2 protein chains.
Amino acid sequence: MPKLTLDELHALAVRALARAGANDDMAAATARALVYADGRGLASHGVSRIAQYAAHLSNGRADGSARPVFAAERGGAVLIDAGFGLAFPACALAVAEAIRRAHDFGVAFAGVTNSHHFGVAGYHLEPIGDAGLVGLAFGNSPAAMPPAGGKRPIFGTNPIAAIFPRQRAAPLLVDLSLSAVARGKLMVAAREGKPIPLGWALDRDGSPTTDPQAGLEGSMLALGGAKGAMLALVVELLVTALTGAALGFEATSFFVDDGNRPRLGQAFLAIDPAALAGRAVYDERIETLIEAMTADPAVRLPGYRRDALAGAAAKDGVEIPPALHRQLIELAGG
Amino acid sequence: MPKLTLDELHALAVRALARAGANDDMAAATARALVYADGRGLASHGVSRIAQYAAHLSNGRADGSARPVFAAERGGAVLIDAGFGLAFPACALAVAEAIRRAHDFGVAFAGVTNSHHFGVAGYHLEPIGDAGLVGLAFGNSPAAMPPAGGKRPIFGTNPIAAIFPRQRAAPLLVDLSLSAVARGKLMVAAREGKPIPLGWALDRDGSPTTDPQAGLEGSMLALGGAKGAMLALVVELLVTALTGAALGFEATSFFVDDGNRPRLGQAFLAIDPAALAGRAVYDERIETLIEAMTADPAVRLPGYRRDALAGAAAKDGVEIPPALHRQLIELAGG
């Protein structure tokens, strides 16, 4: 498999995105987020997305000339309008504002509207952790899951991420979507001809199914049944009712070329421990919890496998499947 | 069964709590929260708790003379010290501060430390909804669930609640704990001699079990497996690292009389839609979502069953089991 350094991969991604019509800021911010994912073993949210983004930039589902602007602000609250561009420049501005406002006001909420796919939710929180702040991220996505008791998809898989920085170690970084499992698990089961457990998906008629293909044509289920569907409702409203963004069921899937401007929403919270119990108390509490958790050697801290992969990728580069590598070179104009 | 009006139940609860040593504010705030629960069919968090609270007030696990005080503040962020009292006066002060600060700064985070059992999480959000704000509530509780991959309880069942007010209808009110099921379901299965599904509990050695009694002696599992355990970690840190409160595994169970001062933590977020996309956009987005959800008649809106019960209880009163009624009268001094 072709192996590229992260710098080489970044440069290739920037060229491909720029050639599809992204302005310089958008191409750079997007490439940075995608290469972050590839460096952490999250290939489904890495440069493999560029063909999709490029198609949307070409057919108008995303506007390559967009620059994020301030739509509203008061104290710790700010709303950024992504202007139908790719999500990453708007999310970066929202996060920078959240950090600045959390320092001034103790807590900040930065929403993003008229946005697009925001990739790995936890990526956006890294600067919040670097600033010594606690961060939360939320986003919606095209409808994939029904509400509690429902039969038709209404909510996206609506990721939640959280970062808790540590004094002398990498931050804890939680990052999860609210579906019971990723769609990819159904694809694998369908390919292997294996059944899936009840609780993963509904078929097209809204009935529980163990047939992965029927599930792919129906809807995903939220983790933990009705409770997870309620959490998906909370995320959906946080990132749409507060921002004006489109609801998951109003947005066309990312995985087709044609469709509408998804106009999805994101939101970031930043909280300064120094404004509350103070930095020393924060450090003591988090280390006491981690000590108790890791007394059991089977417990993994969230984010640490990613960090180990990132260290290796920074040193050795990442392998890119040959077909994807050829596609990227073609999108980049050779 | 004895039937009491909500006013009669409130007066009885106040007398019982005051007789156990709660000051006037604490008795009134606590009674209000417990009667709210009983009026909404949530008897496990209603006046049935008074005997437990009274025991803790008597043996010093809770300080009946405590009054909540400000421990820190900056802009939208504020920390309230409950002073080892029952949780309710401190939570009420935190919520009032969150509302005031969200109006001033767009968003507010109010933490509570050195606290106790805070009952129904969603109860605390009602004033936030009444003020036209979006609210979130978090709390930890004595350890009941292991972290992802772990065998011993570390986290509480750590409730999350959210309120989204509506212009011409009662607010959406989501309120859930992060365990796969409530402990009460294991108690019922144990009584009936029925097995429980895998995924509900671990036995004392940390192995998955279908034996409800073994589960009661072991630990509860988080909803959705590892993802739910990660959400429990997030809640645990939000309410302890930012507030200085005790971690779930540091607090003795509420269900025994003897033990330490639990010193648990709570946190409330309030966000003003008017500081972001604005009230009109907020109203349109939430009603559009609700219309899509309720197009399927099987979908229930969160909080609406509770509201219907509350309406009936306000009119007709609530039935209290005879043994509980006798116990309350005895605690109230006859």
# chains A, B, ... in the order shown; residues from 1 in each chain; ligands from 1

$ closest_atom_pairs --of "segment 163-248 of chain B" --to "segment 57-78 of chain B" --cutoff "12 Å" --atoms "only C-alpha atoms" --output "CSV"
residue,atom,partner,partner_atom,distance
B:Leu242,CA,B:Val78,CA,10.4
B:Thr243,CA,B:Ala71,CA,9.4
B:Gly244,CA,B:Ala71,CA,10.6

$ write_last_selection --atoms "all heavy atoms" --output "PDB file, in the first residue's frame"
ATOM      1  N   LEU B 242     -15.279  19.902  37.709  1.00  0.00           N
ATOM      2  CA  LEU B 242     -15.564  21.342  37.635  1.00  0.00           C
ATOM      3  C   LEU B 242     -16.079  21.901  38.960  1.00  0.00           C
ATOM      4  O   LEU B 242     -16.045  23.119  39.169  1.00  0.00           O
ATOM      5  CB  LEU B 242     -16.588  21.611  36.519  1.00  0.00           C
ATOM      6  CG  LEU B 242     -16.059  21.367  35.102  1.00  0.00           C
ATOM      7  CD1 LEU B 242     -17.195  21.426  34.086  1.00  0.00           C
ATOM      8  CD2 LEU B 242     -14.974  22.382  34.733  1.00  0.00           C
ATOM      9  N   THR B 243     -16.572  21.041  39.839  1.00  0.00           N
ATOM     10  CA  THR B 243     -17.197  21.528  41.078  1.00  0.00           C
ATOM     11  C   THR B 243     -16.421  21.170  42.339  1.00  0.00           C
ATOM     12  O   THR B 243     -16.650  21.766  43.387  1.00  0.00           O
ATOM     13  CB  THR B 243     -18.607  20.913  41.252  1.00  0.00           C
ATOM     14  OG1 THR B 243     -18.467  19.514  41.531  1.00  0.00           O
ATOM     15  CG2 THR B 243     -19.471  21.106  40.010  1.00  0.00           C
ATOM     16  N   GLY B 244     -15.561  20.151  42.276  1.00  0.00           N
ATOM     17  CA  GLY B 244     -14.877  19.663  43.474  1.00  0.00           C
ATOM     18  C   GLY B 244     -15.665  18.623  44.243  1.00  0.00           C
ATOM     19  O   GLY B 244     -15.222  18.170  45.301  1.00  0.00           O
TER      20      GLY B 244
END

$ interface_residues --of "chain A" --to "chain B" --cutoff "6 Å" --atoms "only C-alpha atoms" --output "number ranges by chain"
A: 72, 74-77, 79, 105-107, 149-150, 223-224, 241-244, 273, 275-277, 281-282, 285-286, 298-299

$ write_last_selection --atoms "N, CA, C and O atoms" --output "mmCIF file, in the first residue's frame"
data_model
loop_
_atom_site.group_PDB
_atom_site.id
_atom_site.type_symbol
_atom_site.label_atom_id
_atom_site.label_comp_id
_atom_site.auth_asym_id
_atom_site.auth_seq_id
_atom_site.Cartn_x
_atom_site.Cartn_y
_atom_site.Cartn_z
ATOM 1 N N ALA A 72 -24.754 36.081 15.245
ATOM 2 C CA ALA A 72 -25.312 36.615 16.494
ATOM 3 C C ALA A 72 -24.278 36.421 17.589
ATOM 4 O O ALA A 72 -23.430 35.514 17.506
ATOM 5 N N ARG A 74 -23.781 37.243 22.127
ATOM 6 C CA ARG A 74 -24.057 37.888 23.407
ATOM 7 C C ARG A 74 -23.213 37.179 24.470
ATOM 8 O O ARG A 74 -23.463 36.022 24.781
ATOM 9 N N GLY A 75 -22.235 37.875 25.027
ATOM 10 C CA GLY A 75 -21.414 37.312 26.111
ATOM 11 C C GLY A 75 -20.750 36.012 25.711
ATOM 12 O O GLY A 75 -19.928 35.959 24.800
ATOM 13 N N GLY A 76 -21.139 34.941 26.364
ATOM 14 C CA GLY A 76 -20.551 33.634 26.086
ATOM 15 C C GLY A 76 -21.166 32.918 24.905
ATOM 16 O O GLY A 76 -20.687 31.856 24.512
ATOM 17 N N ALA A 77 -22.221 33.475 24.324
ATOM 18 C CA ALA A 77 -22.936 32.801 23.233
ATOM 19 C C ALA A 77 -22.604 33.436 21.897
ATOM 20 O O ALA A 77 -22.567 34.669 21.776
ATOM 21 N N LEU A 79 -23.077 32.702 17.401
ATOM 22 C CA LEU A 79 -23.587 31.880 16.300
ATOM 23 C C LEU A 79 -22.799 32.219 15.046
ATOM 24 O O LEU A 79 -22.697 33.385 14.658
ATOM 25 N N PHE A 105 -15.955 34.690 30.144
ATOM 26 C CA PHE A 105 -17.258 34.546 30.813
ATOM 27 C C PHE A 105 -17.427 33.203 31.531
ATOM 28 O O PHE A 105 -18.514 32.882 31.985
ATOM 29 N N GLY A 106 -16.367 32.401 31.611
ATOM 30 C CA GLY A 106 -16.423 31.140 32.339
ATOM 31 C C GLY A 106 -16.967 29.984 31.520
ATOM 32 O O GLY A 106 -16.516 28.850 31.650
ATOM 33 N N VAL A 107 -17.957 30.279 30.669
ATOM 34 C CA VAL A 107 -18.584 29.252 29.843
ATOM 35 C C VAL A 107 -18.977 29.889 28.512
ATOM 36 O O VAL A 107 -19.308 31.083 28.462
ATOM 37 N N GLY A 149 -40.142 4.805 19.738
ATOM 38 C CA GLY A 149 -41.443 4.295 19.339
ATOM 39 C C GLY A 149 -41.749 4.464 17.862
ATOM 40 O O GLY A 149 -42.742 3.916 17.378
ATOM 41 N N GLY A 150 -40.910 5.211 17.133
ATOM 42 C CA GLY A 150 -41.204 5.526 15.742
ATOM 43 C C GLY A 150 -40.696 4.487 14.760
ATOM 44 O O GLY A 150 -39.924 3.591 15.113
ATOM 45 N N LEU A 223 -28.528 3.788 20.354
ATOM 46 C CA LEU A 223 -27.973 2.967 21.425
ATOM 47 C C LEU A 223 -28.933 2.971 22.610
ATOM 48 O O LEU A 223 -29.551 3.988 22.937
ATOM 49 N N GLY A 224 -29.106 1.804 23.238
ATOM 50 C CA GLY A 224 -29.900 1.745 24.457
ATOM 51 C C GLY A 224 -31.381 1.991 24.249
ATOM 52 O O GLY A 224 -32.074 2.368 25.192
ATOM 53 N N ALA A 241 -32.500 24.122 16.775
ATOM 54 C CA ALA A 241 -33.401 25.149 17.299
ATOM 55 C C ALA A 241 -32.612 26.372 17.763
ATOM 56 O O ALA A 241 -33.090 27.506 17.644
ATOM 57 N N LEU A 242 -31.399 26.144 18.283
ATOM 58 C CA LEU A 242 -30.586 27.277 18.749
ATOM 59 C C LEU A 242 -29.830 27.948 17.615
ATOM 60 O O LEU A 242 -29.388 29.091 17.755
ATOM 61 N N THR A 243 -29.658 27.252 16.481
ATOM 62 C CA THR A 243 -28.825 27.792 15.403
ATOM 63 C C THR A 243 -29.602 28.140 14.140
ATOM 64 O O THR A 243 -29.094 28.879 13.293
ATOM 65 N N GLY A 244 -30.782 27.562 13.971
ATOM 66 C CA GLY A 244 -31.525 27.733 12.726
ATOM 67 C C GLY A 244 -31.164 26.740 11.643
ATOM 68 O O GLY A 244 -31.679 26.817 10.529
ATOM 69 N N PRO A 273 -12.374 25.498 33.949
ATOM 70 C CA PRO A 273 -12.330 25.008 35.331
ATOM 71 C C PRO A 273 -11.890 26.101 36.315
ATOM 72 O O PRO A 273 -12.323 26.096 37.470
ATOM 73 N N ALA A 275 -12.812 29.057 36.455
ATOM 74 C CA ALA A 275 -13.942 29.914 36.841
ATOM 75 C C ALA A 275 -14.836 29.231 37.859
ATOM 76 O O ALA A 275 -15.752 29.853 38.394
ATOM 77 N N LEU A 276 -14.586 27.949 38.123
ATOM 78 C CA LEU A 276 -15.469 27.185 39.017
ATOM 79 C C LEU A 276 -14.642 26.708 40.224
ATOM 80 O O LEU A 276 -14.188 27.536 40.999
ATOM 81 N N ALA A 277 -14.424 25.411 40.376
ATOM 82 C CA ALA A 277 -13.693 24.948 41.571
ATOM 83 C C ALA A 277 -12.197 25.220 41.498
ATOM 84 O O ALA A 277 -11.487 25.030 42.486
ATOM 85 N N VAL A 281 -8.146 21.835 41.957
ATOM 86 C CA VAL A 281 -9.218 20.881 42.291
ATOM 87 C C VAL A 281 -9.555 20.037 41.065
ATOM 88 O O VAL A 281 -9.700 18.811 41.154
ATOM 89 N N TYR A 282 -9.674 20.689 39.904
ATOM 90 C CA TYR A 282 -9.956 19.967 38.662
ATOM 91 C C TYR A 282 -8.916 18.867 38.435
ATOM 92 O O TYR A 282 -9.261 17.710 38.160
ATOM 93 N N ARG A 285 -9.275 15.971 40.938
ATOM 94 C CA ARG A 285 -10.464 15.143 40.722
ATOM 95 C C ARG A 285 -10.291 14.209 39.523
ATOM 96 O O ARG A 285 -10.615 13.029 39.572
ATOM 97 N N ILE A 286 -9.772 14.753 38.422
ATOM 98 C CA ILE A 286 -9.675 13.918 37.219
ATOM 99 C C ILE A 286 -8.630 12.817 37.428
ATOM 100 O O ILE A 286 -8.851 11.664 37.035
ATOM 101 N N ALA A 298 -8.170 -3.847 32.521
ATOM 102 C CA ALA A 298 -8.979 -4.015 31.305
ATOM 103 C C ALA A 298 -9.626 -2.704 30.858
ATOM 104 O O ALA A 298 -10.151 -2.628 29.750
ATOM 105 N N VAL A 299 -9.597 -1.669 31.715
ATOM 106 C CA VAL A 299 -10.257 -0.408 31.368
ATOM 107 C C VAL A 299 -9.342 0.435 30.488
ATOM 108 O O VAL A 299 -8.184 0.665 30.819
#

$ atom_distance --atom1 "atom CA of Pro2 of chain A" --atom2 "atom CA of Ser48 of chain A"
14.2 Å

$ closest_residue --among "B:Val188, B:Ala169, B:Ala143, B:Ile128" --to "Leu221 of chain B" --atoms "only C-alpha atoms"
B:Ala143

$ atom_distance --atom1 "atom CA of Val120 of chain A" --atom2 "atom CA of Arg100 of chain A"
22.5 Å

$ closest_residue --among "B:Thr210, B:Thr30, B:Thr157, B:Ser115" --to "Gly85 of chain B" --atoms "only C-alpha atoms"
B:Ser115

$ atom_distance --atom1 "atom CA of Gly334 of chain B" --atom2 "atom CA of Gly21 of chain B"
16.2 Å

$ closest_residue --among "B:Asp211, B:Asp38, B:Asp24, B:Glu126" --to "Val318 of chain B" --atoms "only C-alpha atoms"
B:Asp38

$ residues_around --residues "Arg326 of chain B" --least-positions-apart "4" --cutoff "12 Å" --atoms "only C-alpha atoms" --output "ChimeraX atom specification"
/B:1-2,12,16,48,51,320-322,330-334

$ write_last_selection --atoms "all heavy atoms" --output "short mmCIF file (atom, residue, chain, number, x, y, z; two decimals), in the first residue's frame"
data_model
loop_
_atom_site.label_atom_id
_atom_site.label_comp_id
_atom_site.auth_asym_id
_atom_site.auth_seq_id
_atom_site.Cartn_x
_atom_site.Cartn_y
_atom_site.Cartn_z
N MET B 1 -56.59 3.08 49.30
CA MET B 1 -55.33 3.80 49.60
C MET B 1 -55.64 5.23 50.01
O MET B 1 -56.49 5.88 49.39
CB MET B 1 -54.43 3.81 48.36
CG MET B 1 -53.48 2.64 48.36
SD MET B 1 -51.91 2.93 47.57
CE MET B 1 -52.29 2.55 45.87
N PRO B 2 -54.93 5.76 51.00
CA PRO B 2 -55.13 7.16 51.38
C PRO B 2 -54.85 8.07 50.19
O PRO B 2 -53.86 7.87 49.47
CB PRO B 2 -54.11 7.39 52.50
CG PRO B 2 -53.67 6.03 52.93
CD PRO B 2 -53.90 5.11 51.79
N LEU B 12 -47.30 17.73 54.91
CA LEU B 12 -46.83 16.56 55.66
C LEU B 12 -45.32 16.37 55.47
O LEU B 12 -44.58 16.10 56.43
CB LEU B 12 -47.62 15.34 55.18
CG LEU B 12 -47.44 14.02 55.92
CD1 LEU B 12 -47.82 14.16 57.39
CD2 LEU B 12 -48.30 12.93 55.27
N ALA B 16 -42.32 16.52 58.35
CA ALA B 16 -41.42 15.38 58.58
C ALA B 16 -39.96 15.79 58.43
O ALA B 16 -39.10 15.40 59.22
CB ALA B 16 -41.76 14.24 57.62
N SER B 48 -41.55 8.94 49.27
CA SER B 48 -41.00 7.68 49.78
C SER B 48 -39.54 7.83 50.19
O SER B 48 -38.99 7.00 50.91
CB SER B 48 -41.11 6.58 48.72
OG SER B 48 -40.25 6.84 47.63
N ALA B 51 -38.00 9.10 54.57
CA ALA B 51 -37.41 8.33 55.68
C ALA B 51 -35.88 8.29 55.55
O ALA B 51 -35.15 8.44 56.53
CB ALA B 51 -37.99 6.92 55.70
N ILE B 320 -51.31 7.47 48.22
CA ILE B 320 -50.06 7.11 48.90
C ILE B 320 -50.29 5.76 49.57
O ILE B 320 -51.29 5.58 50.27
CB ILE B 320 -49.72 8.18 49.97
CG1 ILE B 320 -49.59 9.57 49.33
CG2 ILE B 320 -48.47 7.82 50.74
CD1 ILE B 320 -48.40 9.73 48.43
N PRO B 321 -49.39 4.80 49.35
CA PRO B 321 -49.57 3.49 49.98
C PRO B 321 -49.73 3.64 51.50
O PRO B 321 -49.05 4.48 52.12
CB PRO B 321 -48.28 2.75 49.64
CG PRO B 321 -47.75 3.43 48.42
CD PRO B 321 -48.17 4.86 48.54
N PRO B 322 -50.62 2.85 52.11
CA PRO B 322 -50.93 3.01 53.53
C PRO B 322 -49.69 2.98 54.44
O PRO B 322 -49.58 3.81 55.36
CB PRO B 322 -51.86 1.82 53.83
CG PRO B 322 -52.45 1.45 52.52
CD PRO B 322 -51.44 1.80 51.48
N GLU B 330 -45.88 9.45 61.19
CA GLU B 330 -45.02 9.22 62.35
C GLU B 330 -43.79 10.14 62.32
O GLU B 330 -43.44 10.78 63.32
CB GLU B 330 -44.60 7.75 62.36
CG GLU B 330 -43.94 7.32 63.66
CD GLU B 330 -43.56 5.83 63.62
OE1 GLU B 330 -44.32 5.05 63.01
OE2 GLU B 330 -42.53 5.47 64.17
N LEU B 331 -43.17 10.23 61.13
CA LEU B 331 -41.99 11.12 61.01
C LEU B 331 -42.38 12.58 61.26
O LEU B 331 -41.57 13.37 61.76
CB LEU B 331 -41.38 10.99 59.61
CG LEU B 331 -40.61 9.69 59.34
CD1 LEU B 331 -40.34 9.53 57.85
CD2 LEU B 331 -39.29 9.68 60.12
N ALA B 332 -43.61 12.92 60.91
CA ALA B 332 -44.07 14.30 61.10
C ALA B 332 -44.52 14.56 62.54
O ALA B 332 -44.92 15.68 62.87
CB ALA B 332 -45.22 14.60 60.14
N GLY B 333 -44.45 13.53 63.37
CA GLY B 333 -44.80 13.71 64.78
C GLY B 333 -46.29 13.55 65.04
O GLY B 333 -46.81 14.10 66.02
N GLY B 334 -46.94 12.80 64.16
CA GLY B 334 -48.37 12.49 64.36
C GLY B 334 -49.28 13.55 63.77
O GLY B 334 -48.83 14.60 63.31
#

$ select_by_dssp --residues "segment 6-121 of chain B" --states "alpha helix (DSSP H)" --output "ChimeraX atom specification"
/B:6-19,24-39,50-59,87-105

$ closest_residue --among "A:Leu186, A:Ala20, A:Leu202, A:Ala170" --to "Ala308 of chain A" --atoms "only C-alpha atoms"
A:Ala170

$ residues_around --residues "Pro212 of chain A" --least-positions-apart "3" --cutoff "10 Å" --atoms "only C-alpha atoms" --output "PyMOL selection string"
chain A and resi 183+185-197+200-203+209+215-218
